[in-house]
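This is coords_27.txt (compact mmCIF, C-alpha atoms).
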# COMPACT_ATOMS: atom_id res chain seq x y z
CA MET Y 280 -12.62 13.18 -25.30
CA LYS Y 281 -9.25 11.57 -24.74
CA ILE Y 282 -8.98 9.17 -21.81
CA ARG Y 283 -5.53 8.11 -20.61
CA PHE Y 284 -4.60 4.89 -18.84
CA HIS Y 285 -1.61 3.67 -16.86
CA GLY Y 286 -0.06 0.35 -15.91
CA ARG Y 287 -2.08 -2.76 -16.56
CA LEU Y 288 -5.01 -0.65 -17.81
CA ALA Y 289 -2.80 0.82 -20.53
CA GLN Y 290 -1.73 -2.69 -21.43
CA ALA Y 291 -5.35 -3.86 -21.74
CA ILE Y 292 -6.94 -0.78 -23.31
CA GLY Y 293 -4.11 1.34 -24.71
CA ALA Y 294 -2.31 4.34 -23.26
CA GLU Y 295 -4.96 6.69 -24.66
CA ILE Y 296 -8.32 6.34 -26.37
CA ASP Y 297 -10.77 8.81 -27.84
CA LEU Y 298 -14.30 8.43 -26.53
CA ASP Y 299 -17.47 10.31 -27.46
CA SER Y 300 -20.23 11.46 -25.11
CA VAL Y 301 -18.18 11.47 -21.93
CA ALA Y 302 -18.92 15.01 -20.69
CA GLY Y 303 -21.79 14.96 -18.23
CA SER Y 304 -21.10 11.39 -17.13
CA CYS Y 305 -19.81 10.68 -13.68
CA VAL Y 306 -16.66 8.64 -13.14
CA ARG Y 307 -18.73 5.62 -12.05
CA GLU Y 308 -20.65 5.62 -15.33
CA LEU Y 309 -17.48 6.01 -17.36
CA ARG Y 310 -15.85 3.20 -15.41
CA ARG Y 311 -18.79 0.88 -16.22
CA ARG Y 312 -18.82 1.90 -19.87
CA LEU Y 313 -15.10 1.23 -20.22
CA ALA Y 314 -15.43 -2.11 -18.43
CA ALA Y 315 -18.21 -3.15 -20.84
CA GLU Y 316 -16.23 -2.06 -23.90
CA HIS Y 317 -12.92 -3.52 -22.70
CA PRO Y 318 -13.60 -6.83 -20.93
CA ALA Y 319 -9.88 -7.49 -20.47
CA ALA Y 320 -9.73 -4.42 -18.23
CA ALA Y 321 -13.06 -4.95 -16.45
CA ALA Y 322 -11.68 -6.57 -13.30
CA THR Y 323 -9.14 -3.79 -12.80
CA LEU Y 324 -11.65 -1.02 -13.55
CA GLU Y 325 -14.08 -2.51 -11.01
CA ASP Y 326 -11.38 -2.73 -8.34
CA ARG Y 327 -12.11 -0.02 -5.75
CA ARG Y 328 -8.39 0.72 -5.52
CA ALA Y 329 -8.36 1.81 -9.18
CA VAL Y 330 -8.98 5.54 -9.22
CA ALA Y 331 -9.79 8.27 -11.71
CA CYS Y 332 -7.73 11.39 -12.02
CA VAL Y 333 -9.25 14.55 -13.53
CA GLY Y 334 -7.07 17.56 -14.19
CA GLY Y 335 -4.24 16.03 -12.20
CA ALA Y 336 -6.28 15.33 -9.05
CA ILE Y 337 -7.74 12.04 -7.80
CA VAL Y 338 -11.54 12.30 -7.84
CA ARG Y 339 -14.40 10.27 -6.37
CA ASP Y 340 -16.69 8.06 -8.41
CA ASP Y 341 -19.53 10.60 -8.27
CA HIS Y 342 -17.37 13.32 -9.86
CA VAL Y 343 -19.06 14.61 -13.02
CA ILE Y 344 -16.75 14.98 -15.99
CA ALA Y 345 -16.87 18.27 -17.89
CA ALA Y 346 -15.98 18.97 -21.50
CA GLY Y 347 -12.27 19.58 -21.85
CA ASP Y 348 -11.30 17.65 -18.70
CA ALA Y 349 -8.12 15.62 -18.79
CA VAL Y 350 -9.32 12.22 -17.58
CA GLU Y 351 -7.06 9.36 -16.54
CA PHE Y 352 -7.61 5.99 -14.90
CA LEU Y 353 -4.99 4.64 -12.54
CA PRO Y 354 -4.90 0.94 -11.61
CA PRO Y 355 -3.92 0.01 -8.05
CA VAL Y 356 -0.37 1.18 -7.46
CA SER Y 357 2.49 -1.27 -7.07
CA GLY Y 358 4.32 0.88 -4.55
CA GLY Y 359 8.05 1.33 -4.78
CA MET O 122 15.08 20.69 8.48
CA SER O 123 15.33 19.61 4.86
CA VAL O 124 13.51 17.09 2.70
CA VAL O 125 14.77 15.62 -0.54
CA ALA O 126 12.35 13.54 -2.63
CA ARG O 127 13.56 12.81 -6.12
CA LEU O 128 12.41 10.63 -8.98
CA GLU O 129 15.53 9.35 -10.72
CA VAL O 130 15.47 8.37 -14.37
CA GLU O 131 19.17 7.48 -14.54
CA ALA O 132 21.18 4.95 -12.53
CA LEU O 133 20.81 5.41 -8.78
CA LYS O 134 24.12 5.69 -6.91
CA PRO O 135 23.46 5.02 -3.21
CA ASP O 136 27.02 5.97 -2.20
CA ARG O 137 26.57 9.43 -3.71
CA GLU O 138 23.19 9.88 -2.03
CA LEU O 139 24.61 8.84 1.34
CA ALA O 140 27.60 11.15 0.90
CA ALA O 141 25.25 14.04 0.12
CA LEU O 142 23.09 13.22 3.15
CA ILE O 143 26.17 13.07 5.41
CA GLN O 144 27.25 16.46 4.13
CA ARG O 145 23.78 17.88 4.73
CA ALA O 146 23.65 16.39 8.23
CA ALA O 147 26.57 18.29 9.71
CA GLY O 148 25.78 18.76 13.39
CA ASP O 149 23.58 15.67 13.66
CA GLY O 150 24.56 12.56 15.56
CA ALA O 151 23.00 9.80 13.47
CA ILE O 152 22.25 8.82 9.90
CA VAL O 153 20.31 5.72 8.90
CA SER O 154 19.93 4.78 5.27
CA PHE O 155 18.31 1.96 3.33
CA THR O 156 19.07 0.86 -0.21
CA GLY O 157 16.64 -1.40 -2.03
CA LEU O 158 17.81 -3.55 -4.94
CA ALA O 159 15.81 -5.08 -7.77
CA ARG O 160 15.52 -8.79 -6.92
CA PRO O 161 16.72 -11.34 -9.47
CA ARG O 162 13.88 -13.78 -8.67
CA SER O 163 10.12 -13.39 -8.62
CA LYS O 164 8.05 -14.65 -5.67
CA SER O 165 7.35 -17.80 -7.65
CA GLY O 166 11.08 -18.36 -8.20
CA GLN O 167 11.30 -17.33 -11.85
CA ALA O 168 14.44 -15.53 -12.98
CA VAL O 169 13.84 -11.78 -13.34
CA ASP O 170 15.93 -9.87 -15.83
CA ARG O 171 14.66 -6.40 -14.98
CA LEU O 172 11.96 -4.39 -13.29
CA VAL O 173 10.01 -1.82 -15.26
CA LEU O 174 8.62 1.02 -13.14
CA GLU O 175 6.01 3.07 -14.91
CA HIS O 176 5.19 6.37 -13.27
CA HIS O 177 2.66 9.17 -13.50
CA PRO O 178 3.94 12.53 -14.81
CA THR O 179 2.87 14.41 -11.65
CA LEU O 180 1.36 12.07 -9.05
CA THR O 181 4.46 9.93 -8.63
CA GLN O 182 6.65 12.85 -7.59
CA GLN O 183 3.86 14.13 -5.36
CA SER O 184 3.61 10.76 -3.62
CA LEU O 185 7.36 10.71 -2.91
CA GLU O 186 7.19 14.24 -1.51
CA GLN O 187 4.13 13.53 0.65
CA ILE O 188 5.74 10.45 2.19
CA ALA O 189 9.06 12.21 2.81
CA VAL O 190 7.40 15.25 4.38
CA ALA O 191 5.22 13.02 6.57
CA ALA O 192 8.34 11.28 7.89
CA ALA O 193 10.02 14.61 8.57
CA GLU O 194 6.99 15.84 10.51
CA ARG O 195 6.35 12.63 12.43
CA PHE O 196 9.84 11.89 13.75
CA ASP O 197 12.48 13.97 15.47
CA VAL O 198 14.72 14.09 12.42
CA ASN O 199 16.50 16.99 10.77
CA HIS O 200 16.88 15.64 7.24
CA VAL O 201 14.93 13.14 5.13
CA TRP O 202 16.24 11.84 1.85
CA VAL O 203 14.32 9.75 -0.69
CA VAL O 204 15.45 8.89 -4.21
CA HIS O 205 13.44 6.43 -6.28
CA ARG O 206 14.17 5.01 -9.70
CA CYS O 207 11.70 4.87 -12.54
CA GLY O 208 12.00 3.20 -15.91
CA GLU O 209 13.95 -0.01 -16.44
CA VAL O 210 16.04 -1.28 -13.53
CA GLY O 211 18.20 -4.35 -14.07
CA ALA O 212 18.20 -7.15 -11.51
CA GLY O 213 20.65 -6.33 -8.73
CA GLU O 214 20.60 -2.60 -9.41
CA PRO O 215 19.53 -0.05 -6.78
CA ILE O 216 15.89 0.91 -7.03
CA VAL O 217 15.41 3.10 -3.94
CA PHE O 218 17.47 5.02 -1.41
CA ALA O 219 15.81 6.25 1.77
CA GLY O 220 17.55 7.88 4.68
CA ALA O 221 17.21 10.23 7.59
CA ALA O 222 19.51 12.21 9.87
CA SER O 223 18.80 13.10 13.48
CA ALA O 224 20.45 14.10 16.71
CA HIS O 225 20.06 10.58 18.14
CA ARG O 226 19.80 7.26 16.32
CA ARG O 227 16.28 6.04 17.20
CA ALA O 228 14.45 8.77 15.29
CA ALA O 229 16.55 8.15 12.18
CA PHE O 230 15.90 4.37 12.36
CA ASP O 231 12.17 4.90 12.81
CA ALA O 232 11.90 7.52 10.07
CA THR O 233 13.71 5.32 7.55
CA ASP O 234 11.59 2.30 8.47
CA TYR O 235 8.45 4.42 8.07
CA LEU O 236 9.64 5.81 4.74
CA MET O 237 10.14 2.36 3.30
CA ASP O 238 6.86 0.93 4.61
CA ARG O 239 4.93 3.77 3.01
CA LEU O 240 6.96 3.81 -0.21
CA LYS O 241 6.43 0.07 -0.66
CA THR O 242 2.66 0.41 -0.54
CA GLU O 243 1.76 3.96 -1.56
CA ALA O 244 4.33 5.33 -3.99
CA VAL O 245 2.63 5.81 -7.36
CA PHE O 246 4.38 3.27 -9.55
CA TRP O 247 3.16 0.41 -11.66
CA LYS O 248 5.83 -2.29 -11.65
CA ARG O 249 6.40 -5.20 -13.99
CA GLU O 250 8.91 -7.98 -13.56
CA VAL O 251 10.38 -9.03 -16.90
CA GLY O 252 12.23 -12.29 -17.26
CA ASP O 253 12.02 -15.95 -18.23
CA GLY O 254 8.36 -16.06 -17.29
CA GLY O 255 7.47 -13.11 -19.52
CA SER O 256 6.19 -9.87 -18.03
CA GLU O 257 4.14 -9.77 -14.85
CA TRP O 258 2.56 -6.86 -12.96
CA ILE O 259 3.35 -6.89 -9.27
CA GLU O 260 1.55 -5.37 -6.31
CA PRO O 261 2.40 -4.97 -2.63
CA SER O 262 2.21 -8.19 -0.60
CA GLU O 263 0.06 -8.71 2.49
CA ALA O 264 3.26 -8.40 4.53
CA ASP O 265 3.94 -5.02 2.89
CA HIS O 266 0.46 -3.81 3.87
CA ALA O 267 0.86 -5.18 7.41
CA ASP O 268 4.17 -3.33 7.71
CA ARG O 269 2.49 -0.14 6.52
CA ASP O 270 -0.39 -0.57 8.97
CA ARG O 271 2.00 -0.59 11.94
CA TRP O 272 2.22 3.17 11.60
CA GLY O 273 -1.52 3.81 11.75

Show me, as C-alpha cells, the structure contained in the file I just sent.
Amino acid sequence: MKIRFHGRLAQAIGAEIDLDSVAGSCVRELRRRLAAEHPAAAATLEDRRAVACVGGAIVRDDHVIAAGDAVEFLPPVSGG
Amino acid sequence: MSVVARLEVEALKPDRELAALIQRAAGDGAIVSFTGLARPRSKSGQAVDRLVLEHHPTLTQQSLEQIAVAAAERFDVNHVWVVHRCGEVGAGEPIVFAGAASAHRRAAFDATDYLMDRLKTEAVFWKREVGDGGSEWIEPSEADHADRDRWG
C-alpha cells in the first residue's frame, strides 16, 4: 500500500513509500511502525498534532485501515 | 453575503484583491483588509531569501474555506475575502490577503483580525524558510497561538 507524506515527514521519509501488510492495522500501529523504520521522522510521527488522513479525511488513531485506502500522514501545520 | 477563499499559485496582487472587494462591497460602509508579506529575516536573524509553502491537494483549500465561512458567520459582515499564496514566495512579496466588508467598521476590523489569527495557526500549509542558514521548517509561535485563543 502506498503511504504519502507531507512537509517535514516527506523530507525525512520521502513523499511516498510502498508498505506491505498495512490493511487491518490501525493508524496508531502504522504510526509506530513508521517511527521504528524511520527514526529521523519518529519525533514528528509521535507528535499528537501530526495526523493521518484516509481517503481525504482526517481520522483518529484508532481508525482501521482497509485495503485500497489512500493513507497520508500530515505533520503539524505551519499555518499561513 | 459572499465568501471568497482562494489558494493562489501565482503572484498575489493585494491591490487587485482590494479593488475586487471594494467592487463587491457596494452598499457597505466599511472595508478592512490585511496584507501579509514574507519576512526577509528569520526569528533568529538569519537572512531569508524565500518562503516555500507546501500545501495539501484538498485540505488546504478546505481550511481556507472553513476559516472564511466561520468569519462570515461570526461577525456582522457582508463579504469575506481570503487569498493565500502557495509555492515559493520571495522575501518581501505578498503571502496573504484577508479582508471583510460590513455596514459599520467594527465588524470588518474584528472579522479581519479573526481571519488572520486563525489562518496563522490553522491553515494547512507546511512552511520552510530558505536562506543563508539553509532551509528550516517553521511553525506558529506561542504568540500566534495566544492570538488564536482570544477567539475561543

Got a sec to pull out which chain Y residues are within 10 Å of chain O, counting all atoms listed in the file, and send them as a short mmCIF file (atom, residue, chain, number, x, y, z; two decimals) with C-alpha atoms, in the frame of the given file?
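Now in result_34.cif:
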data_model
loop_
_atom_site.label_atom_id
_atom_site.label_comp_id
_atom_site.auth_asym_id
_atom_site.auth_seq_id
_atom_site.Cartn_x
_atom_site.Cartn_y
_atom_site.Cartn_z
CA PHE Y 284 -4.60 4.89 -18.84
CA HIS Y 285 -1.61 3.67 -16.86
CA GLY Y 286 -0.06 0.35 -15.91
CA ARG Y 287 -2.08 -2.76 -16.56
CA CYS Y 332 -7.73 11.39 -12.02
CA GLY Y 335 -4.24 16.03 -12.20
CA ALA Y 336 -6.28 15.33 -9.05
CA ILE Y 337 -7.74 12.04 -7.80
CA LEU Y 353 -4.99 4.64 -12.54
CA PRO Y 354 -4.90 0.94 -11.61
CA PRO Y 355 -3.92 0.01 -8.05
CA VAL Y 356 -0.37 1.18 -7.46
CA SER Y 357 2.49 -1.27 -7.07
CA GLY Y 358 4.32 0.88 -4.55
CA GLY Y 359 8.05 1.33 -4.78
#

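The space between atom CA of Ala289 of chain Y and atom CA of Ala302 of chain Y spans 21.5 Å.
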
#### Entry: Which residue of O:Glu138, O:Asp170, O:Glu131, O:Asp149 approaches Asn199 of chain O most closely, using all atoms listed in the file
O:Asp149

### Task
Would you list the residues near (-7.5, 2.3, -25.6) (no more than 10 Å away, in the coordinates of the file, using only C-alpha atoms) as a PyMOL selection string?
chain Y and resi 281-284+288-298+313+316-317

Please list as a PDB file with C-alpha atoms, in the coordinates of the input every residue within 10 Å of Gly255 of chain O, counting only C-alpha atoms and excluding residues in the same chain fewer than 3 positions away.
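So result22.pdb came out as:
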ATOM      1  CA  GLN O 167      11.300 -17.330 -11.850  1.00  0.00           C
ATOM      2  CA  ALA O 168      14.440 -15.530 -12.980  1.00  0.00           C
ATOM      3  CA  VAL O 169      13.840 -11.780 -13.340  1.00  0.00           C
ATOM      4  CA  ASP O 170      15.930  -9.870 -15.830  1.00  0.00           C
ATOM      5  CA  ARG O 249       6.400  -5.200 -13.990  1.00  0.00           C
ATOM      6  CA  GLU O 250       8.910  -7.980 -13.560  1.00  0.00           C
ATOM      7  CA  VAL O 251      10.380  -9.030 -16.900  1.00  0.00           C
ATOM      8  CA  GLY O 252      12.230 -12.290 -17.260  1.00  0.00           C
TER       9      GLY O 252
END

### Summary
Expressed in Å, the length from atom CA of Ala146 of chain O to atom CA of Val198 of chain O is 10.1 Å

### Residues near segment 222-229 of chain O, cut-off 6 Å, only C-alpha atoms, skip fewer than 2 positions along chain, as a ChimeraX atom specification
/O:149-153,196-200,231-232

### Query
Can you list, as a count of residues only, every protein, DNA or RNA residue that comes within 8 Å of Ala331 of chain Y when you count all atoms listed in the file, leaving out same-chain residues fewer than 3 positions away?
9

### Message
Set the distance at 10 Å and use only C-alpha atoms: which residues neighbour Ala345 of chain Y once local chain neighbours fewer than 5 positions away are removed? I'd like the list as a list in words.
### Response
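Residues meeting the cut-off are Met280, Val301, Ala302, Gly303, Ser304, Cys305, Val333 and Val350 of chain Y.
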
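The spacing separating atom CA of Gly208 of chain O from atom CA of Glu129 of chain O amounts to 8.8 Å.
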
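Nearest-residue note for Asp341 of chain Y: choosing from Y:Ala314, Y:Ala320, Y:Glu325, Y:Glu308, the minimum distance belongs to Y:Glu308, counting all atoms listed in the file.
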